[in-house]
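J.: Sending over a structure as structure tokens; questions will come in a sec.
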Amino acid sequence: MGRLDKLGVLTYIKGMTGKLPAYFDENSEPISARIATGLHKIGLAMKQQSWQQANGAGLSATQGQILAALVANGPLTGKELSERLGVTLPTISDSVRVLVEKALVTRSADPRHPRASLLTPTTEGAALGARARSWPEFMADAVADLSPEEQRAFFAGIVKMIRMLQEQGLVPITGMCVTCTHFRPNVRPGTSPHHCAFVDAPLSSEQLRIDCPEHELAAEPARRAVWEQFMRRG
């Protein structure tokens, strides 16, 4: 037996057992599948926003990402851009050619690799790159609506998901503290258990970086050991 509530929704009256029908226990996808669907929707929003912003600046999304990476990390080679952005080298080369033609990027000899070229944004290119770096800010505004506890849990999950995708070769292994040779996880008690040897300073799990310009990739065995040590606590 049931009755309609104020919203016109049928509310079931509990029987003597105090239990309600377990409809959603039997008719729901696993939460992992629903999270994946949600991330897909977020990805569509980010792709659409990037396309609109890039189009408004007279760029492709990849060109905007290249300028943003050069602004954030300084001069880079095409290969370094490919590794950082997870984009094929031919695609990078095509986009860089257009940026050079538009006088947004210049090429110069790379003293580290005589046959490679360093790519540097011009003044106009740097201004567009700074704007491109702000393209994801609409997502930060959405995340700001989460409570501090929700943000911490979400960030911890994001770090673990990215690390898993890196191991599968689906995300570039760059920028993250947990893959860096300077990262020392869980070396002390308290709220800042980790340590960055690069700046010789403690850091909390909330302060871990996803895209650090000082990142130096640790060797594969060291990355595995660091990740295991990191996971022992959290």
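Residue numbering restarts at 1 in every chain; chains get A, B, ... in the order shown in the structure tokens, and ligands count up from 1 in that same order.
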Could you find all residues in range 89-222 of chain A that DSSP calls strand (DSSP E or B) from the backbone, and write them as a PyMOL selection string?

T.: chain A and resi 105-110+113-121+180+183-184+194-196+201-203+217

J.: If you count only C-alpha atoms, which residues fall within 12 Å of Gly175 in chain A, apart from same-chain ones fewer than 2 positions away, as a PDB file with C-alpha atoms, in the first residue's frame?

T.:
```
ATOM      1  CA  ALA A  69      52.375  24.140 -22.633  1.00  0.00           C
ATOM      2  CA  ALA A  72      53.810  26.891 -18.603  1.00  0.00           C
ATOM      3  CA  ASN A  73      57.053  25.003 -19.240  1.00  0.00           C
ATOM      4  CA  GLU A  83      55.074  13.425 -24.674  1.00  0.00           C
ATOM      5  CA  ARG A  84      53.492  16.102 -22.481  1.00  0.00           C
ATOM      6  CA  LEU A  85      50.250  16.430 -24.416  1.00  0.00           C
ATOM      7  CA  VAL A 159      45.416  10.992  -8.772  1.00  0.00           C
ATOM      8  CA  ILE A 162      45.539   9.070 -13.739  1.00  0.00           C
ATOM      9  CA  ARG A 163      48.277   6.820 -12.374  1.00  0.00           C
ATOM     10  CA  GLN A 166      49.541   6.088 -17.165  1.00  0.00           C
ATOM     11  CA  VAL A 171      48.008   9.198 -20.315  1.00  0.00           C
ATOM     12  CA  PRO A 172      51.531  10.713 -20.596  1.00  0.00           C
ATOM     13  CA  ILE A 173      53.730   9.895 -17.591  1.00  0.00           C
ATOM     14  CA  CYS A 177      54.476  14.083  -8.011  1.00  0.00           C
ATOM     15  CA  VAL A 178      53.864  10.345  -7.739  1.00  0.00           C
ATOM     16  CA  THR A 179      56.038   9.659 -10.814  1.00  0.00           C
ATOM     17  CA  CYS A 180      58.786  12.155  -9.955  1.00  0.00           C
ATOM     18  CA  THR A 181      62.303  11.318  -8.856  1.00  0.00           C
ATOM     19  CA  HIS A 182      62.068  14.030  -6.169  1.00  0.00           C
ATOM     20  CA  PHE A 183      58.939  12.631  -4.489  1.00  0.00           C
ATOM     21  CA  LEU A 208      50.327  16.911  -4.742  1.00  0.00           C
ATOM     22  CA  ARG A 209      50.837  18.311  -8.222  1.00  0.00           C
ATOM     23  CA  ILE A 210      49.315  16.953 -11.402  1.00  0.00           C
ATOM     24  CA  ASP A 211      51.412  19.011 -13.833  1.00  0.00           C
ATOM     25  CA  CYS A 212      54.585  20.283 -12.167  1.00  0.00           C
ATOM     26  CA  PRO A 213      57.103  22.130 -14.399  1.00  0.00           C
ATOM     27  CA  GLU A 214      59.989  20.830 -12.247  1.00  0.00           C
ATOM     28  CA  HIS A 215      58.905  17.211 -12.688  1.00  0.00           C
ATOM     29  CA  GLU A 216      61.698  14.744 -13.444  1.00  0.00           C
ATOM     30  CA  LEU A 217      60.488  11.290 -14.411  1.00  0.00           C
ATOM     31  CA  ALA A 218      61.758   8.527 -12.130  1.00  0.00           C
TER      32      ALA A 218
END
```

J.: Hey, can you check how far CA of Arg188 in chain A sits from CA of Asp200 in chain A?

T.: 13.6 Å

J.: Using DSSP secondary structure from the backbone, list all helix (DSSP H, G or I) positions within chain A, as JSON, numbers by chain.

T.: {"A": [23, 24, 25, 26, 31, 32, 33, 34, 35, 36, 37, 38, 39, 40, 41, 42, 43, 44, 45, 46, 47, 48, 49, 50, 51, 52, 53, 54, 55, 56, 61, 62, 63, 64, 65, 66, 67, 68, 69, 70, 71, 72, 73, 78, 79, 80, 81, 82, 83, 84, 85, 89, 90, 91, 92, 93, 94, 95, 96, 97, 98, 99, 100, 101, 123, 124, 125, 126, 127, 128, 129, 130, 131, 132, 133, 137, 138, 139, 140, 141, 142, 143, 148, 149, 150, 151, 152, 153, 154, 155, 156, 157, 158, 159, 160, 161, 162, 163, 164, 165, 166, 167, 177, 178, 179, 205, 206, 207, 220, 221, 222, 223, 224, 225, 226, 227, 228, 229, 230, 231]}

J.: For those residues, write C-alpha atoms to a file as a short mmCIF file (atom, residue, chain, number, x, y, z; two decimals), in the first residue's frame.

T.:
```cif
data_model
loop_
_atom_site.label_atom_id
_atom_site.label_comp_id
_atom_site.auth_asym_id
_atom_site.auth_seq_id
_atom_site.Cartn_x
_atom_site.Cartn_y
_atom_site.Cartn_z
CA TYR A 23 14.53 -2.13 -6.73
CA PHE A 24 17.71 -0.09 -7.25
CA ASP A 25 19.89 -2.79 -5.73
CA GLU A 26 18.83 -5.02 -8.60
CA ILE A 31 28.99 2.56 -9.39
CA SER A 32 32.27 2.27 -11.33
CA ALA A 33 30.27 2.21 -14.58
CA ARG A 34 28.22 5.22 -13.51
CA ILE A 35 31.37 7.14 -12.60
CA ALA A 36 32.79 6.33 -16.04
CA THR A 37 29.60 7.65 -17.66
CA GLY A 38 29.84 10.81 -15.59
CA LEU A 39 33.47 11.35 -16.56
CA HIS A 40 32.51 10.88 -20.19
CA LYS A 41 29.93 13.66 -19.87
CA ILE A 42 32.53 15.90 -18.20
CA GLY A 43 34.98 15.10 -20.99
CA LEU A 44 32.42 16.13 -23.60
CA ALA A 45 31.91 19.43 -21.80
CA MET A 46 35.66 20.09 -21.66
CA LYS A 47 36.11 19.18 -25.33
CA GLN A 48 33.27 21.47 -26.37
CA GLN A 49 34.56 24.33 -24.24
CA SER A 50 38.11 23.96 -25.57
CA TRP A 51 36.83 23.91 -29.15
CA GLN A 52 34.76 27.04 -28.63
CA GLN A 53 37.57 28.92 -26.90
CA ALA A 54 40.15 27.87 -29.49
CA ASN A 55 37.86 28.77 -32.37
CA GLY A 56 37.28 32.19 -30.83
CA ALA A 61 42.41 22.98 -29.74
CA THR A 62 45.82 21.35 -30.26
CA GLN A 63 47.42 24.67 -31.18
CA GLY A 64 46.01 26.18 -28.01
CA GLN A 65 47.35 23.29 -25.94
CA ILE A 66 50.80 23.74 -27.49
CA LEU A 67 50.90 27.46 -26.69
CA ALA A 68 49.66 26.78 -23.14
CA ALA A 69 52.38 24.14 -22.63
CA LEU A 70 55.10 26.48 -23.91
CA VAL A 71 53.90 29.25 -21.59
CA ALA A 72 53.81 26.89 -18.60
CA ASN A 73 57.05 25.00 -19.24
CA GLY A 78 58.26 18.82 -30.74
CA LYS A 79 59.03 15.47 -29.12
CA GLU A 80 58.69 16.94 -25.63
CA LEU A 81 55.35 18.50 -26.57
CA SER A 82 54.18 15.16 -27.94
CA GLU A 83 55.07 13.43 -24.67
CA ARG A 84 53.49 16.10 -22.48
CA LEU A 85 50.25 16.43 -24.42
CA LEU A 89 54.46 13.81 -33.24
CA PRO A 90 53.05 14.29 -36.80
CA THR A 91 50.03 16.11 -35.32
CA ILE A 92 52.34 18.28 -33.23
CA SER A 93 54.47 19.04 -36.29
CA ASP A 94 51.44 20.08 -38.35
CA SER A 95 50.15 22.36 -35.59
CA VAL A 96 53.59 23.89 -34.97
CA ARG A 97 53.99 24.63 -38.68
CA VAL A 98 50.75 26.63 -38.60
CA LEU A 99 51.78 28.44 -35.42
CA VAL A 100 55.11 29.41 -37.00
CA GLU A 101 53.30 30.67 -40.11
CA THR A 123 54.77 37.86 -27.50
CA GLU A 124 51.43 37.35 -29.22
CA GLY A 125 51.72 33.57 -28.90
CA ALA A 126 52.47 33.85 -25.18
CA ALA A 127 49.38 36.01 -24.68
CA LEU A 128 47.22 33.44 -26.47
CA GLY A 129 48.90 30.64 -24.52
CA ALA A 130 48.09 32.35 -21.24
CA ARG A 131 44.45 32.57 -22.33
CA ALA A 132 44.49 28.91 -23.37
CA ARG A 133 45.70 27.91 -19.92
CA GLU A 137 38.63 27.26 -15.42
CA PHE A 138 34.91 26.67 -15.95
CA MET A 139 35.49 23.17 -14.56
CA ALA A 140 37.29 24.56 -11.52
CA ASP A 141 34.23 26.68 -10.83
CA ALA A 142 32.09 23.53 -10.88
CA VAL A 143 34.48 21.71 -8.53
CA PRO A 148 36.18 20.56 1.14
CA GLU A 149 35.79 16.89 2.08
CA GLU A 150 34.33 16.06 -1.33
CA GLN A 151 37.14 17.93 -3.06
CA ARG A 152 39.80 16.02 -1.12
CA ALA A 153 38.19 12.67 -1.90
CA PHE A 154 37.71 13.62 -5.56
CA PHE A 155 41.33 14.74 -5.91
CA ALA A 156 42.64 11.55 -4.31
CA GLY A 157 40.55 9.51 -6.75
CA ILE A 158 41.76 11.58 -9.71
CA VAL A 159 45.42 10.99 -8.77
CA LYS A 160 44.87 7.23 -8.57
CA MET A 161 42.91 7.11 -11.82
CA ILE A 162 45.54 9.07 -13.74
CA ARG A 163 48.28 6.82 -12.37
CA MET A 164 46.35 3.74 -13.54
CA LEU A 165 45.85 5.24 -17.00
CA GLN A 166 49.54 6.09 -17.17
CA GLU A 167 50.43 2.47 -16.51
CA CYS A 177 54.48 14.08 -8.01
CA VAL A 178 53.86 10.34 -7.74
CA THR A 179 56.04 9.66 -10.81
CA SER A 205 48.23 14.70 -0.20
CA GLU A 206 46.07 17.72 -1.08
CA GLN A 207 49.19 19.58 -2.29
CA GLU A 220 60.24 2.59 -13.92
CA PRO A 221 61.35 0.43 -10.93
CA ALA A 222 61.57 3.55 -8.74
CA ARG A 223 58.10 4.71 -9.87
CA ARG A 224 56.63 1.36 -8.89
CA ALA A 225 58.32 1.43 -5.47
CA VAL A 226 57.23 5.02 -4.83
CA TRP A 227 53.63 4.22 -5.79
CA GLU A 228 53.53 1.20 -3.49
CA GLN A 229 54.87 3.33 -0.64
CA PHE A 230 52.35 6.06 -1.43
CA MET A 231 49.43 3.60 -1.44
#
```

J.: Would you list the contacts of Ala201 in chain A as a PDB file with N, CA, C and O atoms, in the first residue's frame, taking every protein, DNA or RNA residue within 12 Å and counting only C-alpha atoms, but skipping same-chain residues closer than 2 positions in sequence?

T.:
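Below you can see result_25.pdb, which holds the result:
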```pdb
ATOM      1  N   HIS A 182      61.895  13.230  -7.394  1.00  0.00           N
ATOM      2  CA  HIS A 182      62.068  14.030  -6.169  1.00  0.00           C
ATOM      3  C   HIS A 182      61.025  13.714  -5.096  1.00  0.00           C
ATOM      4  O   HIS A 182      61.117  14.241  -3.989  1.00  0.00           O
ATOM      5  N   PHE A 183      60.057  12.875  -5.413  1.00  0.00           N
ATOM      6  CA  PHE A 183      58.939  12.631  -4.489  1.00  0.00           C
ATOM      7  C   PHE A 183      59.297  11.558  -3.472  1.00  0.00           C
ATOM      8  O   PHE A 183      59.776  10.481  -3.822  1.00  0.00           O
ATOM      9  N   ARG A 184      59.027  11.850  -2.186  1.00  0.00           N
ATOM     10  CA  ARG A 184      59.256  10.904  -1.094  1.00  0.00           C
ATOM     11  C   ARG A 184      57.932  10.716  -0.345  1.00  0.00           C
ATOM     12  O   ARG A 184      57.542  11.555   0.464  1.00  0.00           O
ATOM     13  N   VAL A 187      56.874   9.751   4.507  1.00  0.00           N
ATOM     14  CA  VAL A 187      58.139   9.681   5.242  1.00  0.00           C
ATOM     15  C   VAL A 187      58.022  10.258   6.650  1.00  0.00           C
ATOM     16  O   VAL A 187      58.981  10.220   7.413  1.00  0.00           O
ATOM     17  N   ARG A 188      56.826  10.775   6.995  1.00  0.00           N
ATOM     18  CA  ARG A 188      56.637  11.341   8.334  1.00  0.00           C
ATOM     19  C   ARG A 188      55.159  11.236   8.707  1.00  0.00           C
ATOM     20  O   ARG A 188      54.303  11.149   7.824  1.00  0.00           O
ATOM     21  N   SER A 192      51.084  16.348   6.715  1.00  0.00           N
ATOM     22  CA  SER A 192      51.963  16.538   5.549  1.00  0.00           C
ATOM     23  C   SER A 192      53.000  15.420   5.528  1.00  0.00           C
ATOM     24  O   SER A 192      54.180  15.636   5.810  1.00  0.00           O
ATOM     25  N   PRO A 193      52.560  14.205   5.195  1.00  0.00           N
ATOM     26  CA  PRO A 193      53.446  13.040   5.323  1.00  0.00           C
ATOM     27  C   PRO A 193      54.486  12.901   4.220  1.00  0.00           C
ATOM     28  O   PRO A 193      55.463  12.164   4.386  1.00  0.00           O
ATOM     29  N   HIS A 194      54.296  13.613   3.104  1.00  0.00           N
ATOM     30  CA  HIS A 194      55.182  13.439   1.958  1.00  0.00           C
ATOM     31  C   HIS A 194      56.273  14.512   1.950  1.00  0.00           C
ATOM     32  O   HIS A 194      56.209  15.487   2.700  1.00  0.00           O
ATOM     33  N   HIS A 195      57.255  14.337   1.074  1.00  0.00           N
ATOM     34  CA  HIS A 195      58.357  15.293   0.999  1.00  0.00           C
ATOM     35  C   HIS A 195      58.777  15.475  -0.452  1.00  0.00           C
ATOM     36  O   HIS A 195      58.841  14.509  -1.218  1.00  0.00           O
ATOM     37  N   CYS A 196      59.046  16.721  -0.830  1.00  0.00           N
ATOM     38  CA  CYS A 196      59.596  17.038  -2.151  1.00  0.00           C
ATOM     39  C   CYS A 196      61.067  17.368  -1.975  1.00  0.00           C
ATOM     40  O   CYS A 196      61.417  18.383  -1.350  1.00  0.00           O
ATOM     41  N   ALA A 197      61.927  16.513  -2.519  1.00  0.00           N
ATOM     42  CA  ALA A 197      63.369  16.724  -2.383  1.00  0.00           C
ATOM     43  C   ALA A 197      63.847  17.877  -3.258  1.00  0.00           C
ATOM     44  O   ALA A 197      64.919  18.434  -3.006  1.00  0.00           O
ATOM     45  N   PHE A 198      63.081  18.255  -4.278  1.00  0.00           N
ATOM     46  CA  PHE A 198      63.513  19.328  -5.162  1.00  0.00           C
ATOM     47  C   PHE A 198      63.560  20.663  -4.414  1.00  0.00           C
ATOM     48  O   PHE A 198      64.500  21.445  -4.567  1.00  0.00           O
ATOM     49  N   VAL A 199      62.541  20.939  -3.603  1.00  0.00           N
ATOM     50  CA  VAL A 199      62.510  22.182  -2.827  1.00  0.00           C
ATOM     51  C   VAL A 199      62.771  21.913  -1.348  1.00  0.00           C
ATOM     52  O   VAL A 199      62.737  22.834  -0.543  1.00  0.00           O
ATOM     53  N   LEU A 203      54.904  18.118   2.085  1.00  0.00           N
ATOM     54  CA  LEU A 203      53.645  18.421   1.408  1.00  0.00           C
ATOM     55  C   LEU A 203      52.599  17.397   1.781  1.00  0.00           C
ATOM     56  O   LEU A 203      52.915  16.238   2.089  1.00  0.00           O
ATOM     57  N   SER A 204      51.356  17.829   1.751  1.00  0.00           N
ATOM     58  CA  SER A 204      50.230  16.957   2.075  1.00  0.00           C
ATOM     59  C   SER A 204      49.717  16.306   0.805  1.00  0.00           C
ATOM     60  O   SER A 204      50.092  16.687  -0.311  1.00  0.00           O
ATOM     61  N   GLN A 207      48.267  18.683  -1.586  1.00  0.00           N
ATOM     62  CA  GLN A 207      49.188  19.576  -2.288  1.00  0.00           C
ATOM     63  C   GLN A 207      49.943  18.885  -3.423  1.00  0.00           C
ATOM     64  O   GLN A 207      50.759  19.524  -4.087  1.00  0.00           O
TER      65      GLN A 207
END
```
